[in-house]
>>> print(open('protein13.cif').read())   # mmCIF, C-alpha atoms
data_target
loop_
_atom_site.label_atom_id
_atom_site.label_comp_id
_atom_site.auth_asym_id
_atom_site.auth_seq_id
_atom_site.Cartn_x
_atom_site.Cartn_y
_atom_site.Cartn_z
CA MET X 1 0.00 0.00 0.00
CA ARG X 2 1.39 3.41 -0.91
CA MET X 3 1.63 6.06 1.78
CA LYS X 4 0.59 9.59 0.86
CA ASN X 5 2.78 12.42 2.11
CA VAL X 6 1.02 15.03 4.24
CA ASP X 7 2.33 18.52 4.77
CA GLY X 8 2.99 18.99 8.54
CA ARG X 9 1.78 22.55 8.63
CA LYS X 10 -1.48 21.66 6.92
CA TRP X 11 -2.00 18.78 9.39
CA ALA X 12 -1.48 21.06 12.37
CA ARG X 13 -3.90 23.64 11.03
CA SER X 14 -6.60 20.95 10.51
CA ILE X 15 -6.36 19.36 13.96
CA TRP X 16 -6.12 22.55 16.03
CA PRO X 17 -9.84 23.55 15.96
CA ALA X 18 -10.90 20.07 17.06
CA PHE X 19 -8.41 20.18 19.90
CA VAL X 20 -9.78 23.49 21.07
CA VAL X 21 -13.37 22.11 21.10
CA VAL X 22 -12.41 18.99 23.07
CA ALA X 23 -10.39 20.97 25.56
CA GLY X 24 -13.29 23.36 26.04
CA LEU X 25 -15.66 20.49 26.75
CA LEU X 26 -13.25 18.99 29.26
CA LEU X 27 -12.89 22.31 31.06
CA ALA X 28 -16.66 22.76 31.09
CA GLY X 29 -17.07 19.30 32.61
CA CYS X 30 -14.77 20.27 35.46
CA GLU X 31 -16.95 23.25 36.43
CA PRO X 32 -19.43 22.53 39.28
CA ARG X 33 -23.08 22.32 38.20
CA GLU X 34 -25.34 25.09 39.42
CA LEU X 35 -27.25 23.95 42.50
CA LEU X 36 -30.62 25.46 41.51
CA SER X 37 -31.63 26.51 38.03
CA ALA X 38 -34.46 26.61 35.47
CA VAL X 39 -36.90 27.76 38.16
CA SER X 40 -40.28 28.88 36.87
CA LEU X 41 -43.85 29.45 38.04
CA ALA X 42 -46.52 29.75 35.38
CA PRO X 43 -49.09 31.14 35.14
CA GLU X 44 -48.41 33.94 37.61
CA ASP X 45 -52.14 34.66 38.08
CA ILE X 46 -54.56 31.90 39.19
CA SER X 47 -58.19 31.72 40.31
CA PRO X 48 -58.54 28.46 42.31
CA ASN X 49 -62.30 27.94 42.25
CA ALA X 50 -62.59 24.60 40.38
CA ASP X 51 -64.07 26.16 37.25
CA GLY X 52 -61.39 24.57 35.07
CA VAL X 53 -59.75 27.89 34.15
CA ALA X 54 -56.39 28.84 35.73
CA ASP X 55 -57.14 26.79 38.83
CA ALA X 56 -53.47 25.97 39.45
CA THR X 57 -49.95 27.03 38.54
CA ARG X 58 -46.95 24.86 37.63
CA ILE X 59 -43.74 25.17 39.65
CA ALA X 60 -40.64 23.74 37.95
CA TYR X 61 -36.96 23.64 38.90
CA ARG X 62 -33.70 21.78 38.26
CA LEU X 63 -31.19 20.56 40.84
CA GLY X 64 -27.55 20.17 39.87
CA ARG X 65 -26.82 17.96 42.87
CA ASN X 66 -28.62 16.34 45.80
CA ALA X 67 -30.27 18.85 48.10
CA THR X 68 -33.21 19.62 50.36
CA VAL X 69 -35.83 21.81 48.74
CA SER X 70 -38.27 24.27 50.30
CA ILE X 71 -41.06 26.13 48.51
CA PHE X 72 -42.89 28.80 50.45
CA PHE X 73 -45.27 31.71 49.91
CA GLN X 74 -45.39 34.97 51.82
CA SER X 75 -47.58 38.04 51.67
CA ASP X 76 -46.52 41.45 53.00
CA GLY X 77 -45.66 41.19 56.68
CA ASP X 78 -46.96 37.61 56.86
CA THR X 79 -45.20 34.48 58.02
CA ARG X 80 -43.87 31.97 55.55
CA ARG X 81 -46.39 29.36 54.42
CA TYR X 82 -44.53 26.25 53.34
CA PHE X 83 -45.79 24.21 50.41
CA ARG X 84 -42.63 22.07 50.68
CA ASN X 85 -40.35 22.28 53.72
CA ALA X 86 -36.79 20.88 53.53
CA GLN X 87 -37.77 17.90 51.39
CA PRO X 88 -34.82 15.74 50.21
CA ARG X 89 -34.44 15.55 46.44
CA SER X 90 -31.89 13.96 44.11
CA ALA X 91 -30.26 15.84 41.25
CA GLY X 92 -32.68 16.22 38.35
CA GLU X 93 -35.66 18.13 37.03
CA TYR X 94 -38.89 18.54 38.97
CA ALA X 95 -42.35 20.00 38.45
CA VAL X 96 -45.42 20.22 40.68
CA LEU X 97 -48.87 21.83 40.45
CA PHE X 98 -49.89 24.32 43.12
CA SER X 99 -53.57 25.21 43.55
CA GLY X 100 -53.10 27.69 46.38
CA VAL X 101 -53.84 25.11 49.10
CA ILE X 102 -51.40 24.77 52.02
CA ASP X 103 -52.12 22.56 55.02
CA GLY X 104 -55.62 21.88 53.73
CA ARG X 105 -56.67 25.53 53.39
CA LEU X 106 -56.70 27.87 50.39
CA LEU X 107 -54.60 31.03 50.65
CA PRO X 108 -56.75 34.18 50.68
CA ASP X 109 -56.88 36.25 47.52
CA GLY X 110 -53.84 38.50 47.20
CA VAL X 111 -50.29 38.85 45.88
CA TYR X 112 -47.67 36.50 47.30
CA ARG X 113 -43.91 36.32 47.09
CA TRP X 114 -42.88 32.78 46.22
CA VAL X 115 -39.46 31.30 46.93
CA VAL X 116 -37.83 28.05 45.80
CA GLU X 117 -34.81 27.34 47.99
CA ALA X 118 -32.27 24.50 47.78
CA THR X 119 -29.56 23.51 50.27
CA ASP X 120 -26.95 20.89 49.36
CA ASP X 121 -25.16 18.42 51.63
CA ALA X 122 -22.31 20.90 52.18
CA GLY X 123 -24.72 23.54 53.48
CA GLN X 124 -24.56 25.74 50.38
CA SER X 125 -27.92 27.38 49.62
CA GLN X 126 -29.46 29.04 46.61
CA SER X 127 -32.90 30.52 46.16
CA ILE X 128 -34.98 32.03 43.37
CA GLU X 129 -38.17 34.00 43.90
CA GLY X 130 -41.05 35.71 42.12
CA THR X 131 -44.66 36.72 42.64
CA LEU X 132 -48.01 34.93 42.37
CA ARG X 133 -51.44 36.55 42.34
CA LEU X 134 -54.55 34.71 43.62
CA SER X 135 -57.98 36.08 42.80
CA GLY X 136 -61.51 34.72 42.72
CA GLY X 137 -60.60 31.74 44.93
CA GLU X 138 -63.16 29.47 46.58
CA THR X 139 -64.37 31.30 49.68
CA THR X 140 -66.04 28.47 51.60
CA PRO X 141 -63.78 25.78 53.05
CA PRO X 142 -65.26 22.32 53.66
CA GLU X 143 -66.40 21.60 57.19
CA ILE X 144 -67.91 18.68 59.06
CA LEU X 145 -70.52 20.57 61.03
CA ARG X 146 -71.59 17.57 63.10
CA TRP X 147 -70.80 13.91 63.37
CA THR X 148 -71.77 11.13 65.74
CA ILE X 149 -70.96 7.46 66.35
CA GLN X 150 -73.66 5.35 68.00
CA PRO X 151 -73.15 3.16 69.93
CA LYS X 152 -69.56 3.91 70.95
CA VAL X 153 -69.13 0.27 72.04
CA PHE X 154 -70.71 -2.35 69.78
CA THR X 155 -70.77 -6.13 69.63
CA PRO X 156 -70.86 -7.39 66.03
CA ASN X 157 -72.01 -10.97 66.64
CA ARG X 158 -75.51 -11.01 65.11
CA ASP X 159 -77.32 -11.44 68.41
CA GLY X 160 -79.62 -8.50 67.71
CA ILE X 161 -78.08 -6.31 70.43
CA SER X 162 -75.68 -3.50 69.45
CA ASP X 163 -74.69 -5.42 66.31
CA ARG X 164 -74.07 -2.30 64.23
CA ALA X 165 -72.53 1.12 64.58
CA THR X 166 -74.05 4.11 62.80
CA ILE X 167 -71.78 6.99 61.84
CA ASN X 168 -73.49 10.22 60.80
CA VAL X 169 -71.55 13.02 59.07
CA TYR X 170 -73.03 16.41 58.16
CA LEU X 171 -71.24 18.39 55.41
CA ASN X 172 -71.55 22.14 54.94
CA LYS X 173 -70.95 21.90 51.17
CA SER X 174 -70.54 19.40 48.35
CA ALA X 175 -67.22 17.58 48.74
CA ALA X 176 -65.68 14.12 48.62
CA LEU X 177 -66.14 12.29 51.92
CA TYR X 178 -64.02 9.40 53.19
CA VAL X 179 -64.52 7.54 56.49
CA THR X 180 -61.93 5.02 57.70
CA LEU X 181 -61.38 2.73 60.67
CA GLN X 182 -57.95 1.95 62.16
CA ASN X 183 -56.81 0.06 65.23
CA ALA X 184 -55.94 2.60 67.94
CA LEU X 185 -52.70 0.70 68.68
CA CYS X 186 -51.38 1.86 65.30
CA ASN X 187 -51.33 5.50 66.46
CA GLY X 188 -52.08 6.74 62.96
CA SER X 189 -49.17 4.87 61.36
CA THR X 190 -49.52 2.17 58.73
CA THR X 191 -46.58 0.32 60.30
CA PRO X 192 -47.47 -2.09 63.14
CA PRO X 193 -45.97 -1.08 66.50
CA ALA X 194 -43.15 -3.11 67.99
CA GLY X 195 -44.37 -6.34 69.53
CA SER X 196 -47.48 -6.50 67.32
CA PRO X 197 -46.23 -7.76 63.94
CA ASP X 198 -49.60 -9.27 63.02
CA LEU X 199 -51.57 -6.09 63.66
CA ASN X 200 -53.24 -4.74 60.52
CA CYS X 201 -52.59 -1.00 60.48
CA THR X 202 -54.03 -0.27 57.04
CA PRO X 203 -56.96 2.15 57.45
CA PHE X 204 -60.15 0.31 56.48
CA PRO X 205 -62.60 2.35 54.36
CA LEU X 206 -66.23 2.30 55.49
CA ALA X 207 -68.99 2.32 52.88
CA GLU X 208 -71.67 4.97 52.90
CA ARG X 209 -75.21 3.67 53.16
CA ALA X 210 -76.61 3.16 49.68
CA SER X 211 -78.53 6.20 48.48
CA THR X 212 -82.28 6.06 48.10
CA GLY X 213 -84.57 8.82 46.98
CA GLU X 214 -84.71 10.03 50.58
CA THR X 215 -80.98 10.14 51.39
CA ARG X 216 -78.05 12.26 50.27
CA LYS X 217 -75.99 11.07 47.36
CA PRO X 218 -72.23 10.72 47.94
CA GLY X 219 -70.55 14.11 47.93
CA GLU X 220 -73.69 16.18 48.43
CA GLU X 221 -74.06 18.85 51.08
CA GLY X 222 -76.01 17.53 54.08
CA LEU X 223 -76.26 14.40 56.22
CA HIS X 224 -74.46 11.17 55.27
CA GLU X 225 -74.84 7.83 57.07
CA PHE X 226 -72.36 4.99 57.38
CA ASP X 227 -73.75 1.68 58.67
CA TYR X 228 -70.93 -0.55 59.97
CA ASP X 229 -71.47 -4.23 60.82
CA ALA X 230 -67.74 -5.17 60.90
CA GLY X 231 -68.32 -7.59 58.01
CA VAL X 232 -70.28 -10.08 60.12
CA ASP X 233 -73.40 -9.83 57.95
CA LEU X 234 -71.36 -11.26 55.07
CA GLY X 235 -70.10 -14.13 57.19
CA ALA X 236 -66.65 -12.57 57.62
CA ASP X 237 -64.82 -12.45 60.93
CA PRO X 238 -64.81 -8.90 62.32
CA PRO X 239 -61.64 -7.03 63.30
CA PRO X 240 -60.20 -8.11 66.67
CA ASP X 241 -61.86 -6.79 69.79
CA GLY X 242 -60.38 -3.49 70.92
CA LEU X 243 -60.41 0.27 70.50
CA TYR X 244 -60.48 1.78 67.00
CA VAL X 245 -60.08 5.31 65.64
CA VAL X 246 -62.70 6.46 63.14
CA THR X 247 -61.60 9.29 60.86
CA ALA X 248 -63.85 11.34 58.59
CA ARG X 249 -62.01 13.30 55.90
CA VAL X 250 -63.67 15.69 53.48
CA GLU X 251 -61.96 17.31 50.47
CA ASP X 252 -63.51 19.90 48.16
CA ALA X 253 -62.88 20.43 44.46
CA VAL X 254 -59.95 22.84 44.98
CA GLY X 255 -58.17 20.51 47.43
CA GLN X 256 -59.16 22.01 50.77
CA VAL X 257 -59.40 19.38 53.50
CA ALA X 258 -61.06 18.95 56.90
CA THR X 259 -60.82 15.93 59.19
CA VAL X 260 -62.39 14.79 62.46
CA THR X 261 -61.70 11.71 64.57
CA ASP X 262 -63.42 9.76 67.31
CA THR X 263 -63.21 6.27 68.80
CA LEU X 264 -65.28 3.13 68.42
CA GLU X 265 -64.81 -0.01 70.50
CA ILE X 266 -65.46 -3.53 69.24
CA GLU X 267 -66.37 -6.03 71.94
CA GLY X 268 -67.41 -9.69 71.70
CA GLY X 269 -67.29 -9.73 67.93
CA GLY X 270 -67.58 -12.86 65.82
CA VAL X 271 -69.74 -14.90 63.46
CA PRO X 272 -72.29 -17.16 65.25
CA ARG X 273 -72.15 -20.76 64.07
CA ALA X 274 -74.48 -23.56 65.21
CA GLU X 275 -76.27 -26.62 63.83
CA ILE X 276 -78.53 -29.53 64.67
CA VAL X 277 -76.07 -32.31 65.50
CA ASP X 278 -76.03 -35.15 62.95
CA GLY X 279 -79.07 -33.61 61.30
CA GLN X 280 -81.16 -35.81 63.55
CA VAL X 281 -84.56 -35.23 65.18
CA GLU X 282 -86.11 -38.04 67.21
CA PHE X 283 -89.92 -37.98 67.13
CA SER X 284 -91.90 -40.03 69.64
CA THR X 285 -94.42 -41.51 67.20
CA ARG X 286 -95.45 -42.10 63.60
CA SER X 287 -99.12 -42.57 64.46
CA ALA X 288 -101.30 -40.78 66.96
CA ILE X 289 -104.89 -40.43 68.07
CA LEU X 290 -106.37 -36.98 68.03
CA GLY X 291 -105.54 -35.38 71.39
CA ASP X 292 -102.22 -37.22 71.84
CA THR X 293 -99.01 -35.28 72.39
CA MET X 294 -96.10 -35.85 70.02
CA TYR X 295 -92.65 -35.30 71.55
CA PHE X 296 -89.27 -34.68 69.93
CA THR X 297 -85.61 -34.60 70.98
CA LEU X 298 -82.63 -33.06 69.18
CA THR X 299 -79.22 -31.61 70.04
CA VAL X 300 -77.85 -28.17 69.08
CA GLU X 301 -74.12 -27.42 69.02
CA ASN X 302 -72.48 -24.00 69.12
CA TYR X 303 -69.32 -24.73 67.13
CA GLY X 304 -68.37 -21.07 66.64
CA ALA X 305 -66.25 -18.66 68.63
CA VAL X 306 -68.99 -16.47 70.10
CA PRO X 307 -71.97 -17.16 72.38
CA ILE X 308 -75.27 -17.44 70.55
CA ARG X 309 -78.37 -15.80 71.94
CA THR X 310 -81.65 -17.64 72.39
CA SER X 311 -85.11 -17.07 73.78
CA GLY X 312 -87.92 -19.20 75.21
CA PRO X 313 -89.91 -21.13 75.71
CA LEU X 314 -87.21 -23.29 77.30
CA SER X 315 -86.59 -26.91 76.43
CA GLY X 316 -89.40 -29.15 77.67
CA TYR X 317 -92.26 -26.80 76.85
CA VAL X 318 -95.43 -28.45 75.42
CA TYR X 319 -97.78 -26.63 73.05
CA THR X 320 -101.28 -27.67 74.08
CA ASP X 321 -103.07 -26.70 70.87
CA ALA X 322 -102.03 -27.36 67.28
CA ASN X 323 -103.23 -23.87 66.39
CA GLN X 324 -100.83 -22.21 68.81
CA THR X 325 -97.59 -20.55 67.71
CA PHE X 326 -94.42 -19.53 69.51
CA ALA X 327 -95.98 -16.12 70.16
CA TRP X 328 -98.72 -17.78 72.23
CA PRO X 329 -96.60 -18.24 75.39
CA GLY X 330 -95.28 -14.70 75.01
CA TYR X 331 -92.17 -15.22 72.89
CA ALA X 332 -92.50 -13.13 69.74
CA GLU X 333 -89.89 -13.35 67.01
CA GLN X 334 -86.70 -11.50 67.98
CA SER X 335 -83.92 -10.37 65.66
CA GLY X 336 -80.69 -12.27 66.29
CA VAL X 337 -82.22 -15.03 68.42
CA PHE X 338 -81.52 -18.72 67.66
CA ARG X 339 -84.41 -21.12 68.25
CA VAL X 340 -85.30 -24.69 67.43
CA GLY X 341 -88.40 -24.97 65.28
CA ILE X 342 -90.80 -27.79 64.44
CA GLY X 343 -92.87 -27.43 61.32
CA PHE X 344 -95.18 -29.58 59.18
CA GLU X 345 -96.26 -29.74 55.55
CA THR X 346 -99.49 -27.76 55.79
CA MET X 347 -98.32 -25.13 58.31
CA LYS X 348 -99.75 -21.66 57.77
CA THR X 349 -96.99 -19.95 59.76
CA ASN X 350 -93.31 -20.64 59.15
CA TYR X 351 -92.26 -23.09 61.90
CA PRO X 352 -95.05 -22.15 64.32
CA PHE X 353 -93.62 -24.21 67.21
CA ARG X 354 -90.30 -22.94 68.57
CA TRP X 355 -88.08 -23.53 71.60
CA ALA X 356 -84.91 -22.11 73.11
CA ILE X 357 -81.73 -23.98 72.14
CA GLY X 358 -81.44 -25.48 75.60
CA GLY X 359 -82.72 -25.51 79.14
CA ALA X 360 -81.85 -23.42 82.16
CA ALA X 361 -78.84 -25.63 82.97
CA ASP X 362 -77.37 -25.22 79.47
CA LEU X 363 -77.60 -21.46 79.11
CA VAL X 364 -75.73 -18.57 80.70
CA VAL X 365 -77.38 -15.26 81.52
CA GLN X 366 -75.90 -11.90 80.52
CA GLU X 367 -77.44 -8.72 81.84
CA ILE X 368 -77.39 -5.88 79.29
CA ASP X 369 -78.88 -2.53 80.27
CA GLY X 370 -80.65 -4.21 83.17
CA GLN X 371 -82.28 -6.84 80.94
CA PRO X 372 -81.35 -10.57 81.17
CA TYR X 373 -80.40 -12.35 77.93
CA TYR X 374 -79.71 -16.06 77.47
CA TYR X 375 -76.75 -17.52 75.56
CA LEU X 376 -75.33 -20.92 74.65
CA PRO X 377 -71.53 -20.59 75.10
CA PRO X 378 -69.04 -21.54 72.37
CA GLY X 379 -68.16 -25.23 72.16
CA ARG X 380 -71.26 -26.33 74.07
CA ARG X 381 -74.05 -28.71 73.12
CA ALA X 382 -77.59 -28.65 74.48
CA THR X 383 -80.36 -31.20 74.16
CA VAL X 384 -83.76 -29.74 73.34
CA THR X 385 -87.04 -31.52 73.98
CA GLY X 386 -90.63 -30.44 73.59
CA GLY X 387 -94.10 -31.53 72.66
CA ILE X 388 -97.10 -30.60 70.51
CA LYS X 389 -100.63 -31.71 71.40
CA LEU X 390 -102.29 -32.87 68.19
CA THR X 391 -105.71 -31.26 68.43
CA GLU X 392 -106.80 -31.44 64.79
CA VAL X 393 -106.56 -33.76 61.81
CA PRO X 394 -104.58 -31.99 59.07
CA ALA X 395 -105.79 -31.72 55.49
CA ARG X 396 -102.92 -33.98 54.43
CA ASN X 397 -102.76 -37.14 56.50
CA PRO X 398 -100.31 -38.61 57.28
CA VAL X 399 -98.48 -35.32 57.64
CA ARG X 400 -94.72 -34.96 57.82
CA PHE X 401 -93.18 -33.08 60.76
CA PHE X 402 -89.57 -31.85 60.58
CA GLY X 403 -87.05 -29.81 62.55
CA ALA X 404 -85.17 -26.58 61.97
CA LEU X 405 -82.61 -24.28 63.54
CA ILE X 406 -83.67 -20.69 62.98
CA HIS X 407 -81.60 -17.52 63.34
CA GLU X 408 -84.54 -15.15 63.51
CA ASP X 409 -84.57 -12.24 61.06
CA VAL X 410 -81.23 -13.48 59.74
CA GLU X 411 -81.36 -16.92 58.14
CA MET X 412 -82.64 -20.49 58.30
CA VAL X 413 -79.54 -22.29 59.55
CA ASN X 414 -81.06 -25.78 59.14
CA GLN X 415 -84.51 -26.53 57.79
CA ASN X 416 -86.68 -29.53 56.86
CA VAL X 417 -84.43 -31.71 59.03
CA ASP X 418 -85.23 -35.42 59.43
CA PRO X 419 -88.88 -35.48 58.20
CA ASN X 420 -91.17 -37.82 60.18
CA PRO X 421 -94.64 -38.83 58.79
CA VAL X 422 -97.36 -39.00 61.43
CA LEU X 423 -100.81 -40.51 60.83
CA ILE X 424 -103.42 -38.80 63.00
CA THR X 425 -106.74 -40.60 63.53
CA LYS X 426 -109.85 -39.73 65.45
CA PRO X 427 -110.64 -41.81 68.54
#
>>> encode(input="protein13.cif", output="structure tokens")
Amino acid sequence: MRMKNVDGRKWARSIWPAFVVVAGLLLAGCEPRELLSAVSLAPEDISPNADGVADATRIAYRLGRNATVSIFFQSDGDTRRYFRNAQPRSAGEYAVLFSGVIDGRLLPDGVYRWVVEATDDAGQSQSIEGTLRLSGGETTPPEILRWTIQPKVFTPNRDGISDRATINVYLNKSAALYVTLQNALCNGSTTPPAGSPDLNCTPFPLAERASTGETRKPGEEGLHEFDYDAGVDLGADPPPDGLYVVTARVEDAVGQVATVTDTLEIEGGGVPRAEIVDGQVEFSTRSAILGDTMYFTLTVENYGAVPIRTSGPLSGYVYTDANQTFAWPGYAEQSGVFRVGIGFETMKTNYPFRWAIGGAADLVVQEIDGQPYYYLPPGRRATVTGGIKLTEVPARNPVRFFGALIHEDVEMVNQNVDPNPVLITKP
């Protein structure tokens, strides 16, 4: 390969400009980057009233190295109002929208001096400032004028007594409303405290009662109701017994916020669980003469974790007329009460003959507000007996009798258990 001669002076002249450029770049790279630059706030006039026009301004800045950043606003003779206060930031470009709201409240209309200030790890600071004008801002902040929790201690166990807590919140204006429940041991943190690793500290959102034509829709001004059953109505285990903090937070369209808190205590919570053991009902006869009494025997087990409430008549009671019902001896249907029922094919009332799920020796008495209530404790079984005097010949004969376990006003736990045909004849 032939080599081509190159004039040395021409070579030097050609390489010199490139050398100058490279050297300049190297020198520029050695210069320290500016700590704070490219700071802007636009637009400089806003009207934060949620009308969609100039409701917020954009604050942008660039950091040349890691630093803490503060952004504050100040009117003449006023104290600094910090939008960001000594927040750590890495080198880079940043932007944030500002709607005039600081600490949940909108700044009053007026002209404000704004300052973006950065301080690096060596303590060097730099700040850039300007002015912002607010006009036509929302004048009414959101408020929770009244709120109540009733009862303050409730027992979500479906026994019909203090099973639910009602939370009422009254808003002064239309705004988004959020109500949450959190274990008081969490102290407002989402991190479980030391020694309680299994504690759930995530605030649990409560659902507002579904709107009907007579109630407020979500977000409307006025009264809003939250009906809390701790999940028991869906068959879910409630949160652990203990003290809880209920927080109501309201936020309007421009970002103003108001919060209130109160406490609610859960006590004796749990899902009641019981059944007729072995699905067996022993009837005393398959044939009877009009006027005879038919007896039955069955066993109920409480296999859940909470006591289950019951009501009379107690085990052993005999209905003396086939036209009687459980209301006859003075025991009307009661929400949350478990009772044994005996029904038959042509009954006009759903399980007209009912008994408590045990006798006096099986049940424990709890006094609530001066009134005695009867419960079958967890893990206990009780044998239930009773009788029905057959005082009429049914339209269908023989007629099948069967047992049931009824959670009144809640559900049929067991029904049509162990059918037994009985032929009833006249003497």
>>> resolve_selection(input="protein13.cif", expression="the PyMOL selection byres ((chain X and resi 325) around 6)", output="PDB file with C-alpha atoms, in the frame of the given file")
ATOM      1  CA  GLN X 324    -100.830 -22.210  68.810  1.00  0.00           C
ATOM      2  CA  PHE X 326     -94.420 -19.530  69.510  1.00  0.00           C
ATOM      3  CA  ALA X 327     -95.980 -16.120  70.160  1.00  0.00           C
ATOM      4  CA  TRP X 328     -98.720 -17.780  72.230  1.00  0.00           C
ATOM      5  CA  PRO X 352     -95.050 -22.150  64.320  1.00  0.00           C
ATOM      6  CA  PHE X 353     -93.620 -24.210  67.210  1.00  0.00           C
TER       7      PHE X 353
END
>>> residues_around(input="protein13.cif", residues="segment 52-68 of chain X", least_positions_apart="2", cutoff="6 Å", atoms="only C-alpha atoms", output="PyMOL selection string")
chain X and resi 33-43+46-48+50+86-99+118-120
>>> residues_around(input="protein13.cif", residues="Phe73 of chain X", least_positions_apart="3", cutoff="9 Å", atoms="all atoms listed in the file", output="VMD selection string")
chain X and resid 79 to 83 112 to 115 131 to 132
>>> closest_residue(input="protein13.cif", among="X:Glu129, X:Glu265, X:Asp418, X:Glu117", to="Glu282 of chain X", atoms="only C-alpha atoms")
X:Asp418
>>> atom_distance(input="protein13.cif", atom1="atom CA of Leu405 of chain X", atom2="atom CA of Ile308 of chain X")
12.2 Å
>>> resolve_selection(input="protein13.cif", expression="the PyMOL selection byres ((chain X and resi 379) around 12)", output="JSON, numbers by chain")
{"X": [272, 273, 274, 275, 300, 301, 302, 303, 304, 305, 306, 307, 308, 362, 376, 377, 378, 380, 381, 382]}
>>> atom_distance(input="protein13.cif", atom1="atom CA of Leu181 of chain X", atom2="atom CA of Val410 of chain X")
25.6 Å
>>> residues_around(input="protein13.cif", residues="Val417 of chain X", least_positions_apart="3", cutoff="7 Å", atoms="only C-alpha atoms", output="JSON, numbers by chain")
{"X": [279, 280, 402, 403, 404, 414]}
>>> resolve_selection(input="protein13.cif", expression="the PyMOL selection byres ((chain X and resi 256) around 10)", output="list in words")
Ser99, Gly100, Val101, Ile102, Asp103, Gly104, Arg105, Leu106, Glu138, Thr140, Pro141, Pro142, Glu143, Ala175, Val250, Glu251, Asp252, Ala253, Val254, Gly255, Val257 and Ala258 of chain X
>>> closest_residue(input="protein13.cif", among="X:Tyr331, X:Trp147, X:Tyr178, X:Phe401", to="Phe283 of chain X", atoms="only C-alpha atoms")
X:Phe401
>>> build_atoms(input="protein13.cif", residues="segment 174-189 of chain X", atoms="N, CA and C atoms", output="compact mmCIF listing (two decimals), keeping the file's coordinate frame")
# COMPACT_ATOMS: atom_id res chain seq x y z
N SER X 174 -70.85 20.59 49.15
CA SER X 174 -70.54 19.40 48.35
C SER X 174 -69.04 19.16 48.35
N ALA X 175 -68.64 17.93 48.66
CA ALA X 175 -67.22 17.58 48.74
C ALA X 175 -67.10 16.06 48.84
N ALA X 176 -65.93 15.56 48.50
CA ALA X 176 -65.68 14.12 48.62
C ALA X 176 -65.49 13.76 50.08
N LEU X 177 -66.18 12.70 50.51
CA LEU X 177 -66.14 12.29 51.92
C LEU X 177 -65.59 10.88 52.03
N TYR X 178 -64.63 10.70 52.94
CA TYR X 178 -64.02 9.40 53.19
C TYR X 178 -64.05 9.13 54.70
N VAL X 179 -64.51 7.94 55.08
CA VAL X 179 -64.52 7.54 56.49
C VAL X 179 -63.74 6.24 56.61
N THR X 180 -62.78 6.20 57.52
CA THR X 180 -61.93 5.02 57.70
C THR X 180 -61.88 4.60 59.15
N LEU X 181 -61.51 3.33 59.33
CA LEU X 181 -61.38 2.73 60.67
C LEU X 181 -59.96 2.18 60.79
N GLN X 182 -59.30 2.46 61.93
CA GLN X 182 -57.95 1.95 62.16
C GLN X 182 -57.77 1.59 63.62
N ASN X 183 -57.08 0.48 63.87
CA ASN X 183 -56.81 0.06 65.23
C ASN X 183 -56.06 1.17 65.97
N ALA X 184 -56.54 1.50 67.18
CA ALA X 184 -55.94 2.60 67.94
C ALA X 184 -54.48 2.32 68.30
N LEU X 185 -54.08 1.03 68.36
CA LEU X 185 -52.70 0.70 68.68
C LEU X 185 -51.73 1.16 67.60
N CYS X 186 -52.24 1.43 66.41
CA CYS X 186 -51.38 1.86 65.30
C CYS X 186 -50.95 3.31 65.42
N ASN X 187 -51.66 4.09 66.24
CA ASN X 187 -51.33 5.50 66.46
C ASN X 187 -51.21 6.29 65.17
N GLY X 188 -52.07 5.99 64.21
CA GLY X 188 -52.08 6.74 62.96
C GLY X 188 -51.08 6.28 61.93
N SER X 189 -50.19 5.36 62.30
CA SER X 189 -49.17 4.87 61.36
C SER X 189 -49.68 3.63 60.66
